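S.K.: Okay, so here is query-v7.txt, and as you'll see once you scroll down, it has compact mmCIF, N, CA and C atoms.
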# COMPACT_ATOMS: atom_id res chain seq x y z
N PRO A 263 3.24 13.23 -0.20
CA PRO A 263 2.81 14.62 -0.12
C PRO A 263 1.74 14.94 -1.18
N CYS A 264 0.86 15.88 -0.86
CA CYS A 264 -0.21 16.24 -1.81
C CYS A 264 0.32 16.86 -3.08
N THR A 265 1.55 17.35 -3.05
CA THR A 265 2.13 17.92 -4.28
C THR A 265 2.23 16.87 -5.38
N VAL A 266 2.33 15.61 -5.00
CA VAL A 266 2.39 14.53 -5.98
C VAL A 266 1.12 14.54 -6.84
N PHE A 267 -0.03 14.73 -6.20
CA PHE A 267 -1.30 14.71 -6.92
C PHE A 267 -1.49 15.99 -7.74
N ARG A 268 -0.96 17.09 -7.25
CA ARG A 268 -1.04 18.35 -7.98
C ARG A 268 -0.19 18.31 -9.24
N ASP A 269 0.97 17.65 -9.15
CA ASP A 269 1.93 17.65 -10.25
C ASP A 269 1.71 16.54 -11.27
N MET A 270 0.83 15.59 -10.97
CA MET A 270 0.57 14.49 -11.90
C MET A 270 -0.16 15.00 -13.13
N PRO A 271 -0.03 14.28 -14.25
CA PRO A 271 -0.81 14.65 -15.44
C PRO A 271 -2.31 14.60 -15.12
N ALA A 272 -3.08 15.36 -15.84
CA ALA A 272 -4.54 15.40 -15.60
C ALA A 272 -5.18 14.02 -15.72
N SER A 273 -4.62 13.17 -16.56
CA SER A 273 -5.18 11.83 -16.74
C SER A 273 -4.92 10.94 -15.54
N GLY A 274 -3.96 11.31 -14.68
CA GLY A 274 -3.67 10.53 -13.47
C GLY A 274 -2.69 9.41 -13.71
N GLY A 275 -2.79 8.38 -12.88
CA GLY A 275 -1.91 7.23 -12.96
C GLY A 275 -1.78 6.56 -11.61
N VAL A 276 -0.85 5.65 -11.53
CA VAL A 276 -0.58 4.92 -10.28
C VAL A 276 0.47 5.69 -9.50
N VAL A 277 0.11 6.12 -8.31
CA VAL A 277 1.06 6.82 -7.45
C VAL A 277 1.91 5.81 -6.70
N LEU A 278 1.29 4.73 -6.25
CA LEU A 278 1.99 3.69 -5.50
C LEU A 278 1.23 2.39 -5.63
N SER A 279 1.96 1.31 -5.82
CA SER A 279 1.34 0.00 -5.75
C SER A 279 2.37 -0.99 -5.23
N THR A 280 1.87 -2.03 -4.59
CA THR A 280 2.77 -3.07 -4.08
C THR A 280 2.79 -4.30 -4.99
N ALA A 281 2.17 -4.16 -6.13
CA ALA A 281 2.18 -5.22 -7.15
C ALA A 281 2.13 -4.51 -8.51
N PRO A 282 2.72 -5.10 -9.54
CA PRO A 282 2.64 -4.46 -10.86
C PRO A 282 1.19 -4.43 -11.34
N THR A 283 0.79 -3.33 -11.94
CA THR A 283 -0.61 -3.17 -12.34
C THR A 283 -1.08 -4.24 -13.32
N ASP A 284 -0.18 -4.75 -14.15
CA ASP A 284 -0.57 -5.78 -15.10
C ASP A 284 -0.32 -7.19 -14.58
N GLY A 285 0.00 -7.32 -13.30
CA GLY A 285 0.25 -8.63 -12.71
C GLY A 285 -1.04 -9.41 -12.53
N LYS A 286 -0.92 -10.72 -12.49
CA LYS A 286 -2.08 -11.59 -12.32
C LYS A 286 -2.70 -11.34 -10.95
N GLN A 287 -3.98 -11.00 -10.94
CA GLN A 287 -4.76 -10.72 -9.74
C GLN A 287 -4.10 -9.68 -8.83
N ALA A 288 -3.44 -8.70 -9.45
CA ALA A 288 -2.72 -7.67 -8.68
C ALA A 288 -3.66 -6.92 -7.74
N MET A 289 -4.81 -6.50 -8.24
CA MET A 289 -5.75 -5.74 -7.40
C MET A 289 -6.30 -6.58 -6.25
N LEU A 290 -6.39 -7.89 -6.45
CA LEU A 290 -6.90 -8.76 -5.39
C LEU A 290 -5.89 -8.96 -4.27
N ASN A 291 -4.63 -8.68 -4.53
CA ASN A 291 -3.61 -8.99 -3.54
C ASN A 291 -2.81 -7.79 -3.05
N GLY A 292 -2.74 -6.72 -3.83
CA GLY A 292 -1.85 -5.62 -3.49
C GLY A 292 -2.56 -4.39 -2.94
N LEU A 293 -1.75 -3.35 -2.72
CA LEU A 293 -2.22 -2.04 -2.29
C LEU A 293 -1.95 -1.07 -3.43
N PHE A 294 -2.96 -0.28 -3.79
CA PHE A 294 -2.84 0.66 -4.89
C PHE A 294 -3.31 2.04 -4.45
N VAL A 295 -2.54 3.05 -4.80
CA VAL A 295 -2.96 4.44 -4.68
C VAL A 295 -2.99 4.96 -6.11
N THR A 296 -4.20 5.24 -6.59
CA THR A 296 -4.36 5.66 -7.98
C THR A 296 -5.03 7.03 -8.04
N ALA A 297 -4.70 7.76 -9.08
CA ALA A 297 -5.34 9.05 -9.32
C ALA A 297 -5.93 9.03 -10.72
N THR A 298 -7.16 9.50 -10.83
CA THR A 298 -7.79 9.71 -12.13
C THR A 298 -8.04 11.21 -12.25
N ALA A 299 -8.68 11.61 -13.31
CA ALA A 299 -8.99 13.03 -13.47
C ALA A 299 -9.95 13.49 -12.37
N GLN A 300 -10.76 12.56 -11.83
CA GLN A 300 -11.76 12.93 -10.84
C GLN A 300 -11.41 12.56 -9.40
N ARG A 301 -10.73 11.44 -9.18
CA ARG A 301 -10.59 10.92 -7.81
C ARG A 301 -9.18 10.43 -7.51
N VAL A 302 -8.90 10.34 -6.22
CA VAL A 302 -7.71 9.65 -5.71
C VAL A 302 -8.25 8.52 -4.85
N ASP A 303 -7.87 7.30 -5.17
CA ASP A 303 -8.37 6.12 -4.47
C ASP A 303 -7.23 5.35 -3.84
N VAL A 304 -7.50 4.85 -2.63
CA VAL A 304 -6.60 3.91 -1.95
C VAL A 304 -7.34 2.59 -1.92
N ILE A 305 -6.76 1.57 -2.56
CA ILE A 305 -7.42 0.27 -2.69
C ILE A 305 -6.50 -0.79 -2.12
N ALA A 306 -7.00 -1.54 -1.15
CA ALA A 306 -6.24 -2.63 -0.54
C ALA A 306 -6.98 -3.93 -0.79
N ARG A 307 -6.33 -4.82 -1.49
CA ARG A 307 -6.91 -6.14 -1.80
C ARG A 307 -8.33 -6.00 -2.37
N ASN A 308 -8.46 -5.09 -3.34
CA ASN A 308 -9.71 -4.87 -4.08
C ASN A 308 -10.82 -4.25 -3.23
N VAL A 309 -10.47 -3.64 -2.10
CA VAL A 309 -11.42 -2.94 -1.25
C VAL A 309 -11.01 -1.47 -1.22
N VAL A 310 -11.92 -0.58 -1.55
CA VAL A 310 -11.62 0.85 -1.53
C VAL A 310 -11.60 1.30 -0.07
N VAL A 311 -10.40 1.67 0.39
CA VAL A 311 -10.20 2.10 1.77
C VAL A 311 -10.50 3.59 1.91
N LEU A 312 -10.16 4.36 0.88
CA LEU A 312 -10.38 5.81 0.91
C LEU A 312 -10.53 6.30 -0.52
N SER A 313 -11.47 7.21 -0.74
CA SER A 313 -11.66 7.83 -2.05
C SER A 313 -11.92 9.31 -1.81
N VAL A 314 -11.10 10.16 -2.44
CA VAL A 314 -11.18 11.60 -2.24
C VAL A 314 -11.22 12.27 -3.61
N PRO A 315 -12.07 13.29 -3.79
CA PRO A 315 -12.03 14.02 -5.06
C PRO A 315 -10.63 14.57 -5.31
N ARG A 316 -10.15 14.44 -6.52
CA ARG A 316 -8.78 14.88 -6.83
C ARG A 316 -8.60 16.37 -6.61
N GLY A 317 -9.62 17.14 -6.85
CA GLY A 317 -9.54 18.57 -6.61
C GLY A 317 -9.25 18.90 -5.15
N ARG A 318 -9.78 18.09 -4.24
CA ARG A 318 -9.51 18.31 -2.81
C ARG A 318 -8.04 18.04 -2.49
N MET A 319 -7.44 17.10 -3.19
CA MET A 319 -6.03 16.77 -2.95
C MET A 319 -5.11 17.90 -3.43
N SER A 320 -5.64 18.81 -4.23
CA SER A 320 -4.87 19.94 -4.73
C SER A 320 -5.07 21.20 -3.89
N GLU A 321 -5.94 21.13 -2.89
CA GLU A 321 -6.18 22.29 -2.04
C GLU A 321 -4.91 22.64 -1.26
N PRO A 322 -4.68 23.92 -1.00
CA PRO A 322 -3.44 24.33 -0.33
C PRO A 322 -3.23 23.73 1.06
N GLN A 323 -4.31 23.47 1.79
CA GLN A 323 -4.16 22.92 3.14
C GLN A 323 -3.84 21.43 3.14
N CYS A 324 -3.99 20.77 2.01
CA CYS A 324 -3.67 19.33 1.91
C CYS A 324 -2.17 19.15 2.07
N GLN A 325 -1.76 18.35 3.05
CA GLN A 325 -0.35 18.15 3.32
C GLN A 325 0.17 16.81 2.79
N ARG A 326 -0.47 15.72 3.21
CA ARG A 326 0.01 14.41 2.75
C ARG A 326 -1.03 13.32 2.99
N LEU A 327 -0.92 12.31 2.17
CA LEU A 327 -1.72 11.10 2.30
C LEU A 327 -0.90 10.11 3.10
N GLN A 328 -1.46 9.59 4.17
CA GLN A 328 -0.75 8.62 4.99
C GLN A 328 -1.50 7.29 4.98
N LEU A 329 -0.74 6.21 4.83
CA LEU A 329 -1.30 4.87 4.79
C LEU A 329 -0.66 4.02 5.87
N SER A 330 -1.42 3.11 6.43
CA SER A 330 -0.85 2.12 7.35
C SER A 330 -1.65 0.83 7.24
N SER A 331 -0.94 -0.26 7.39
CA SER A 331 -1.59 -1.56 7.33
C SER A 331 -0.88 -2.49 8.30
N SER A 332 -1.65 -3.10 9.19
CA SER A 332 -1.09 -4.02 10.18
C SER A 332 -2.18 -5.03 10.54
N THR A 333 -1.93 -5.82 11.56
CA THR A 333 -2.92 -6.81 11.97
C THR A 333 -4.18 -6.15 12.51
N SER A 334 -4.12 -4.85 12.84
CA SER A 334 -5.31 -4.16 13.33
C SER A 334 -6.18 -3.64 12.18
N GLY A 335 -5.66 -3.63 10.95
CA GLY A 335 -6.44 -3.19 9.80
C GLY A 335 -5.62 -2.36 8.83
N THR A 336 -6.28 -1.86 7.80
CA THR A 336 -5.64 -1.02 6.79
C THR A 336 -6.36 0.32 6.79
N TYR A 337 -5.58 1.39 6.92
CA TYR A 337 -6.15 2.73 7.07
C TYR A 337 -5.44 3.74 6.18
N ALA A 338 -6.17 4.79 5.80
CA ALA A 338 -5.62 5.89 5.03
C ALA A 338 -6.26 7.18 5.53
N GLY A 339 -5.47 8.24 5.53
CA GLY A 339 -5.98 9.54 5.95
C GLY A 339 -5.24 10.64 5.21
N VAL A 340 -5.89 11.77 5.04
CA VAL A 340 -5.28 12.90 4.36
C VAL A 340 -5.06 14.00 5.39
N GLU A 341 -3.81 14.19 5.74
CA GLU A 341 -3.45 15.21 6.71
C GLU A 341 -3.69 16.59 6.10
N GLY A 342 -4.43 17.43 6.83
CA GLY A 342 -4.70 18.78 6.36
C GLY A 342 -6.08 18.94 5.74
N LEU A 343 -6.74 17.85 5.39
CA LEU A 343 -8.10 17.95 4.82
C LEU A 343 -9.12 17.50 5.84
N THR A 344 -10.22 18.24 5.93
CA THR A 344 -11.31 17.84 6.81
C THR A 344 -12.58 17.67 6.00
N ASP A 345 -13.46 16.81 6.50
CA ASP A 345 -14.75 16.59 5.88
C ASP A 345 -15.58 17.87 6.08
N PRO A 346 -16.12 18.46 5.01
CA PRO A 346 -16.87 19.71 5.17
C PRO A 346 -18.12 19.57 6.02
N ASP A 347 -18.69 18.36 6.10
CA ASP A 347 -19.91 18.16 6.87
C ASP A 347 -19.64 17.96 8.36
N THR A 348 -18.56 17.23 8.69
CA THR A 348 -18.30 16.89 10.09
C THR A 348 -17.12 17.64 10.70
N GLY A 349 -16.23 18.16 9.87
CA GLY A 349 -15.04 18.84 10.39
C GLY A 349 -13.95 17.88 10.84
N VAL A 350 -14.15 16.61 10.61
CA VAL A 350 -13.18 15.58 11.01
C VAL A 350 -12.20 15.36 9.87
N THR A 351 -10.95 15.02 10.21
CA THR A 351 -9.93 14.73 9.20
C THR A 351 -10.43 13.65 8.24
N VAL A 352 -10.18 13.84 6.95
CA VAL A 352 -10.59 12.87 5.93
C VAL A 352 -9.78 11.60 6.13
N ARG A 353 -10.47 10.52 6.41
CA ARG A 353 -9.81 9.22 6.60
C ARG A 353 -10.77 8.09 6.32
N GLY A 354 -10.21 6.93 6.12
CA GLY A 354 -11.00 5.74 5.88
C GLY A 354 -10.19 4.52 6.26
N GLY A 355 -10.84 3.39 6.27
CA GLY A 355 -10.11 2.18 6.60
C GLY A 355 -11.04 1.04 6.93
N ALA A 356 -10.44 -0.08 7.23
CA ALA A 356 -11.17 -1.28 7.58
C ALA A 356 -10.41 -2.04 8.65
N GLU A 357 -11.10 -2.46 9.68
CA GLU A 357 -10.47 -3.21 10.77
C GLU A 357 -10.43 -4.69 10.40
N ASP A 358 -9.75 -5.01 9.35
CA ASP A 358 -9.66 -6.38 8.86
C ASP A 358 -8.20 -6.73 8.64
N PRO A 359 -7.64 -7.63 9.45
CA PRO A 359 -6.23 -7.99 9.26
C PRO A 359 -5.96 -8.67 7.92
N ASN A 360 -7.01 -9.17 7.27
CA ASN A 360 -6.83 -9.84 5.98
C ASN A 360 -6.66 -8.85 4.83
N LEU A 361 -6.80 -7.56 5.10
CA LEU A 361 -6.59 -6.55 4.05
C LEU A 361 -5.13 -6.16 3.91
N ARG A 362 -4.27 -6.72 4.74
CA ARG A 362 -2.84 -6.42 4.60
C ARG A 362 -2.41 -6.85 3.21
N PRO A 363 -1.80 -5.93 2.46
CA PRO A 363 -1.45 -6.25 1.08
C PRO A 363 -0.21 -7.12 0.98
N GLN A 364 -0.16 -7.90 -0.08
CA GLN A 364 1.07 -8.60 -0.42
C GLN A 364 1.99 -7.58 -1.06
N ILE A 365 3.29 -7.72 -0.79
CA ILE A 365 4.26 -6.78 -1.35
C ILE A 365 5.20 -7.54 -2.26
N VAL A 366 5.04 -7.30 -3.56
CA VAL A 366 5.91 -7.89 -4.56
C VAL A 366 7.07 -6.93 -4.81
N GLY A 367 6.81 -5.65 -4.63
CA GLY A 367 7.77 -4.58 -4.83
C GLY A 367 7.03 -3.27 -4.65
N VAL A 368 7.67 -2.18 -5.01
CA VAL A 368 7.03 -0.87 -4.95
C VAL A 368 7.05 -0.31 -6.37
N PHE A 369 5.87 0.01 -6.89
CA PHE A 369 5.72 0.43 -8.28
C PHE A 369 5.01 1.77 -8.34
N THR A 370 5.31 2.56 -9.37
CA THR A 370 4.69 3.86 -9.55
C THR A 370 4.78 4.30 -11.01
N ASP A 371 3.91 5.22 -11.37
CA ASP A 371 3.99 5.86 -12.69
C ASP A 371 4.74 7.18 -12.60
N LEU A 372 5.13 7.58 -11.39
CA LEU A 372 5.85 8.84 -11.22
C LEU A 372 7.22 8.74 -11.90
N THR A 373 7.69 9.84 -12.43
CA THR A 373 9.01 9.86 -13.06
C THR A 373 9.88 10.91 -12.39
N GLY A 374 11.18 10.78 -12.58
CA GLY A 374 12.11 11.73 -12.02
C GLY A 374 12.44 11.42 -10.58
N PRO A 375 13.16 12.32 -9.92
CA PRO A 375 13.53 12.09 -8.52
C PRO A 375 12.29 12.14 -7.63
N PRO A 376 12.32 11.41 -6.51
CA PRO A 376 11.15 11.43 -5.62
C PRO A 376 10.94 12.81 -5.02
N PRO A 377 9.70 13.24 -4.90
CA PRO A 377 9.43 14.55 -4.31
C PRO A 377 9.79 14.55 -2.82
N PRO A 378 10.17 15.69 -2.27
CA PRO A 378 10.47 15.76 -0.84
C PRO A 378 9.27 15.32 -0.02
N GLY A 379 9.52 14.52 0.99
CA GLY A 379 8.46 14.05 1.86
C GLY A 379 7.84 12.73 1.47
N LEU A 380 8.19 12.20 0.29
CA LEU A 380 7.64 10.92 -0.14
C LEU A 380 8.46 9.80 0.50
N SER A 381 7.79 8.89 1.18
CA SER A 381 8.51 7.78 1.80
C SER A 381 7.63 6.53 1.83
N PHE A 382 8.29 5.39 1.91
CA PHE A 382 7.62 4.10 1.99
C PHE A 382 8.44 3.23 2.93
N THR A 383 7.80 2.68 3.93
CA THR A 383 8.46 1.79 4.88
C THR A 383 7.61 0.55 5.03
N ALA A 384 8.24 -0.60 5.03
CA ALA A 384 7.51 -1.86 5.21
C ALA A 384 8.29 -2.78 6.13
N THR A 385 7.58 -3.39 7.05
CA THR A 385 8.13 -4.45 7.89
C THR A 385 7.45 -5.73 7.40
N ILE A 386 8.23 -6.59 6.79
CA ILE A 386 7.69 -7.79 6.17
C ILE A 386 7.40 -8.85 7.23
N ASP A 387 6.25 -9.53 7.09
CA ASP A 387 5.87 -10.59 8.00
C ASP A 387 6.73 -11.82 7.71
N THR A 388 7.63 -12.13 8.61
CA THR A 388 8.54 -13.26 8.41
C THR A 388 8.31 -14.38 9.42
N ARG A 389 7.10 -14.48 9.95
CA ARG A 389 6.86 -15.47 10.99
C ARG A 389 6.99 -16.92 10.50
N TYR A 390 6.91 -17.11 9.18
CA TYR A 390 7.03 -18.48 8.66
C TYR A 390 8.43 -18.79 8.14
N THR A 391 9.35 -17.86 8.27
CA THR A 391 10.72 -18.08 7.85
C THR A 391 11.46 -18.76 9.00
N SER A 392 12.15 -19.83 8.69
CA SER A 392 12.86 -20.55 9.75
C SER A 392 14.14 -21.16 9.19
N SER A 393 14.97 -21.62 10.10
CA SER A 393 16.21 -22.31 9.74
C SER A 393 16.21 -23.66 10.44
N PRO A 394 16.69 -24.70 9.76
CA PRO A 394 16.68 -26.02 10.41
C PRO A 394 17.69 -26.09 11.55
N SER A 395 17.34 -26.83 12.59
CA SER A 395 18.25 -27.04 13.72
C SER A 395 19.35 -28.01 13.28
N ALA A 396 20.35 -28.17 14.11
CA ALA A 396 21.46 -29.08 13.80
C ALA A 396 20.94 -30.50 13.61
N LEU A 397 19.99 -30.93 14.43
CA LEU A 397 19.43 -32.28 14.32
C LEU A 397 18.71 -32.47 12.99
N LYS A 398 17.93 -31.47 12.56
CA LYS A 398 17.22 -31.57 11.28
C LYS A 398 18.20 -31.55 10.11
N THR A 399 19.26 -30.75 10.21
CA THR A 399 20.27 -30.72 9.16
C THR A 399 20.94 -32.08 9.03
N ALA A 400 21.28 -32.68 10.18
CA ALA A 400 21.90 -34.01 10.17
C ALA A 400 20.94 -35.05 9.57
N ALA A 401 19.66 -34.97 9.87
CA ALA A 401 18.68 -35.90 9.34
C ALA A 401 18.55 -35.74 7.83
N MET A 402 18.58 -34.47 7.33
CA MET A 402 18.50 -34.25 5.89
C MET A 402 19.72 -34.82 5.17
N ILE A 403 20.90 -34.62 5.75
CA ILE A 403 22.13 -35.14 5.14
C ILE A 403 22.09 -36.66 5.14
N ALA A 404 21.64 -37.27 6.24
CA ALA A 404 21.55 -38.73 6.33
C ALA A 404 20.56 -39.25 5.28
N GLY A 405 19.44 -38.54 5.08
CA GLY A 405 18.45 -38.96 4.09
C GLY A 405 19.01 -38.88 2.67
N ILE A 406 19.77 -37.82 2.39
CA ILE A 406 20.37 -37.68 1.06
C ILE A 406 21.42 -38.78 0.82
N LEU A 407 22.24 -39.00 1.84
CA LEU A 407 23.27 -40.06 1.72
C LEU A 407 22.60 -41.43 1.55
N GLY A 408 21.52 -41.66 2.31
CA GLY A 408 20.80 -42.94 2.19
C GLY A 408 20.22 -43.13 0.80
N THR A 409 19.73 -42.06 0.21
CA THR A 409 19.18 -42.11 -1.14
C THR A 409 20.26 -42.41 -2.16
N VAL A 410 21.41 -41.76 -1.99
CA VAL A 410 22.53 -41.96 -2.92
C VAL A 410 23.03 -43.40 -2.81
N VAL A 411 23.14 -43.93 -1.60
CA VAL A 411 23.65 -45.28 -1.41
C VAL A 411 22.60 -46.26 -1.91
In structure tokens, what does this structure look like?
M.R.:
Amino acid sequence: PCTVFRDMPASGGVVLSTAPTDGKQAMLNGLFVTATAQRVDVIARNVVVLSVPRGRMSEPQCQRLQLSSSTSGTYAGVEGLTDPDTGVTVRGGAEDPNLRPQIVGVFTDLTGPPPPGLSFTATIDTRYTSSPSALKTAAMIAGILGTVV
């Protein structure tokens, strides 16, 4: 919700990240929503997906920042805000499946209980997770026994 940006200290901070800010190559791999005194930025794998003046995020019509990332790309939009030149909802993104962020965890500089309306949902890509079949399990046990003998 936009109230998060209104209530943050003037200096800003990390609203959301999928990697710790001091982690090795965190910006190259994760998703970050950061606020400074001037801007709110959504950065996915070191690519700025959306950048909005922080003052606009404090406008009364600003409802929430929404993010999505899938094989079709990574996108961000601000519900309730429109571009003054075009009248179109403020949004940005990239149609690049490689911008999907790695998720080490969910990190923030916010303190206290989560504000109403704040949510995070992730479906983790588990296509490379597998379990060995009975035949493979038997082969592994035979190999271990053969090594021991």
S.K.: Determine, for each residue of stretch 270-323 of chain A having at least one atom at most 12 Å from an atom of stretch 380-400 of chain A, the closest pair of atoms and their separation in Å to one decimal, counting only C-alpha atoms; order by chain and ascending number, as CSV.
M.R.:
residue,atom,partner,partner_atom,distance
A:Val277,CA,A:Leu380,CA,10.7
A:Leu278,CA,A:Phe382,CA,9.4
A:Ser279,CA,A:Phe382,CA,10.8
A:Thr280,CA,A:Ala384,CA,10.5
S.K.: Counting only N, CA and C atoms, which of A:Leu293, A:Gly379, A:Asp347, A:Gln323 gets nearest to A:Ala306?
M.R.: A:Leu293
S.K.: Calculate, to one decimal in Å, the centre and edge lengths of the box along x, y and z of the file that holds all listed atoms of stretch 307-314 of chain A with 5 Å of margin on each side, and present them as AutoDock Vina command-line options.
M.R.:
--center_x -9.1 --center_y 3.1 --center_z -1.1 --size_x 15.6 --size_y 28.4 --size_z 16.0
S.K.: For A:Gln300, work out the shell of residues within 8 Å, counting only C-alpha atoms and skipping chain neighbours fewer than 4 positions away, then give it as a tab-separated table (two decimals) with N, CA and C atoms, in the coordinates of the input.
M.R.:
chain	number	residue	atom	x	y	z
A	315	PRO	N	-12.07	13.29	-3.79
A	315	PRO	CA	-12.03	14.02	-5.06
A	315	PRO	C	-10.63	14.57	-5.31
A	316	ARG	N	-10.15	14.44	-6.52
A	316	ARG	CA	-8.78	14.88	-6.83
A	316	ARG	C	-8.60	16.37	-6.61
A	317	GLY	N	-9.62	17.14	-6.85
A	317	GLY	CA	-9.54	18.57	-6.61
A	317	GLY	C	-9.25	18.90	-5.15
S.K.: Which residues, protein or nucleic acid, reach to within 6.5 Å of (-6.4, -10.5, 12.5) in the file's coordinates when using only N, CA and C atoms, and can you give that as a ChimeraX atom specification?
M.R.: /A:333-334,358-360
S.K.: The selected residues should be written to file as an mmCIF file, in the coordinates of the input (atoms: N, CA and C atoms).
M.R.:
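Written file, out.cif:
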data_model
loop_
_atom_site.group_PDB
_atom_site.id
_atom_site.type_symbol
_atom_site.label_atom_id
_atom_site.label_comp_id
_atom_site.auth_asym_id
_atom_site.auth_seq_id
_atom_site.Cartn_x
_atom_site.Cartn_y
_atom_site.Cartn_z
ATOM 1 N N THR A 333 -1.930 -5.820 11.560
ATOM 2 C CA THR A 333 -2.920 -6.810 11.970
ATOM 3 C C THR A 333 -4.180 -6.150 12.510
ATOM 4 N N SER A 334 -4.120 -4.850 12.840
ATOM 5 C CA SER A 334 -5.310 -4.160 13.330
ATOM 6 C C SER A 334 -6.180 -3.640 12.180
ATOM 7 N N ASP A 358 -9.750 -5.010 9.350
ATOM 8 C CA ASP A 358 -9.660 -6.380 8.860
ATOM 9 C C ASP A 358 -8.200 -6.730 8.640
ATOM 10 N N PRO A 359 -7.640 -7.630 9.450
ATOM 11 C CA PRO A 359 -6.230 -7.990 9.260
ATOM 12 C C PRO A 359 -5.960 -8.670 7.920
ATOM 13 N N ASN A 360 -7.010 -9.170 7.270
ATOM 14 C CA ASN A 360 -6.830 -9.840 5.980
ATOM 15 C C ASN A 360 -6.660 -8.850 4.830
#
S.K.: Considering only strand (DSSP E or B) as DSSP defines it on the backbone, what residues of stretch 265-372 of chain A qualify? List them as a PyMOL selection string.
M.R.: chain A and resi 275-279+293-297+301-306+309-315+326-332+335-344+351-356+369
S.K.: Using only C-alpha atoms, which of the listed residues (A:Thr409, A:Thr370, A:Thr336, A:Gln364) sits closest to A:Thr283?
M.R.: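 For A:Thr283, the nearest of the candidates is A:Thr370.
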S.K.: Quick check, in Å to one decimal: how far apart do atom CA of A:Phe267 and atom CA of A:Glu357 lie?
M.R.: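 Atom CA of A:Glu357 lies 26.8 Å from atom CA of A:Phe267.
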S.K.: Dump as a list in words all residues having an atom at most 8 Å from (0.0, 21.9, 4.3), computed in the file's coordinates with all atoms listed in the file.
M.R.: Cys264, Glu321, Pro322, Gln323, Cys324, Gln325, Arg326, Glu341, Gly342 and Leu343 of chain A
S.K.: Since the input lacks atoms, please generate N, CA, C and O atoms for stretch 278-291 of chain A and provide them as a tab-separated table (two decimals), keeping the file's coordinate frame.
M.R.:
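After the write, out.tsv holds the following:
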chain	number	residue	atom	x	y	z
A	278	LEU	N	1.29	4.73	-6.25
A	278	LEU	CA	1.99	3.69	-5.50
A	278	LEU	C	1.23	2.39	-5.63
A	278	LEU	O	0.00	2.38	-5.58
A	279	SER	N	1.96	1.31	-5.82
A	279	SER	CA	1.34	0.00	-5.75
A	279	SER	C	2.37	-0.99	-5.23
A	279	SER	O	3.57	-0.78	-5.38
A	280	THR	N	1.87	-2.03	-4.59
A	280	THR	CA	2.77	-3.07	-4.08
A	280	THR	C	2.79	-4.30	-4.99
A	280	THR	O	3.37	-5.32	-4.63
A	281	ALA	N	2.17	-4.16	-6.13
A	281	ALA	CA	2.18	-5.22	-7.15
A	281	ALA	C	2.13	-4.51	-8.51
A	281	ALA	O	1.56	-3.43	-8.61
A	282	PRO	N	2.72	-5.10	-9.54
A	282	PRO	CA	2.64	-4.46	-10.86
A	282	PRO	C	1.19	-4.43	-11.34
A	282	PRO	O	0.45	-5.39	-11.15
A	283	THR	N	0.79	-3.33	-11.94
A	283	THR	CA	-0.61	-3.17	-12.34
A	283	THR	C	-1.08	-4.24	-13.32
A	283	THR	O	-2.25	-4.60	-13.32
A	284	ASP	N	-0.18	-4.75	-14.15
A	284	ASP	CA	-0.57	-5.78	-15.10
A	284	ASP	C	-0.32	-7.19	-14.58
A	284	ASP	O	-0.43	-8.16	-15.32
A	285	GLY	N	0.00	-7.32	-13.30
A	285	GLY	CA	0.25	-8.63	-12.71
A	285	GLY	C	-1.04	-9.41	-12.53
A	285	GLY	O	-2.14	-8.84	-12.41
A	286	LYS	N	-0.92	-10.72	-12.49
A	286	LYS	CA	-2.08	-11.59	-12.32
A	286	LYS	C	-2.70	-11.34	-10.95
A	286	LYS	O	-2.04	-11.45	-9.93
A	287	GLN	N	-3.98	-11.00	-10.94
A	287	GLN	CA	-4.76	-10.72	-9.74
A	287	GLN	C	-4.10	-9.68	-8.83
A	287	GLN	O	-4.19	-9.74	-7.62
A	288	ALA	N	-3.44	-8.70	-9.45
A	288	ALA	CA	-2.72	-7.67	-8.68
A	288	ALA	C	-3.66	-6.92	-7.74
A	288	ALA	O	-3.35	-6.72	-6.57
A	289	MET	N	-4.81	-6.50	-8.24
A	289	MET	CA	-5.75	-5.74	-7.40
A	289	MET	C	-6.30	-6.58	-6.25
A	289	MET	O	-6.66	-6.05	-5.21
A	290	LEU	N	-6.39	-7.89	-6.45
A	290	LEU	CA	-6.90	-8.76	-5.39
A	290	LEU	C	-5.89	-8.96	-4.27
A	290	LEU	O	-6.26	-9.40	-3.18
A	291	ASN	N	-4.63	-8.68	-4.53
A	291	ASN	CA	-3.61	-8.99	-3.54
A	291	ASN	C	-2.81	-7.79	-3.05
A	291	ASN	O	-2.22	-7.84	-1.97
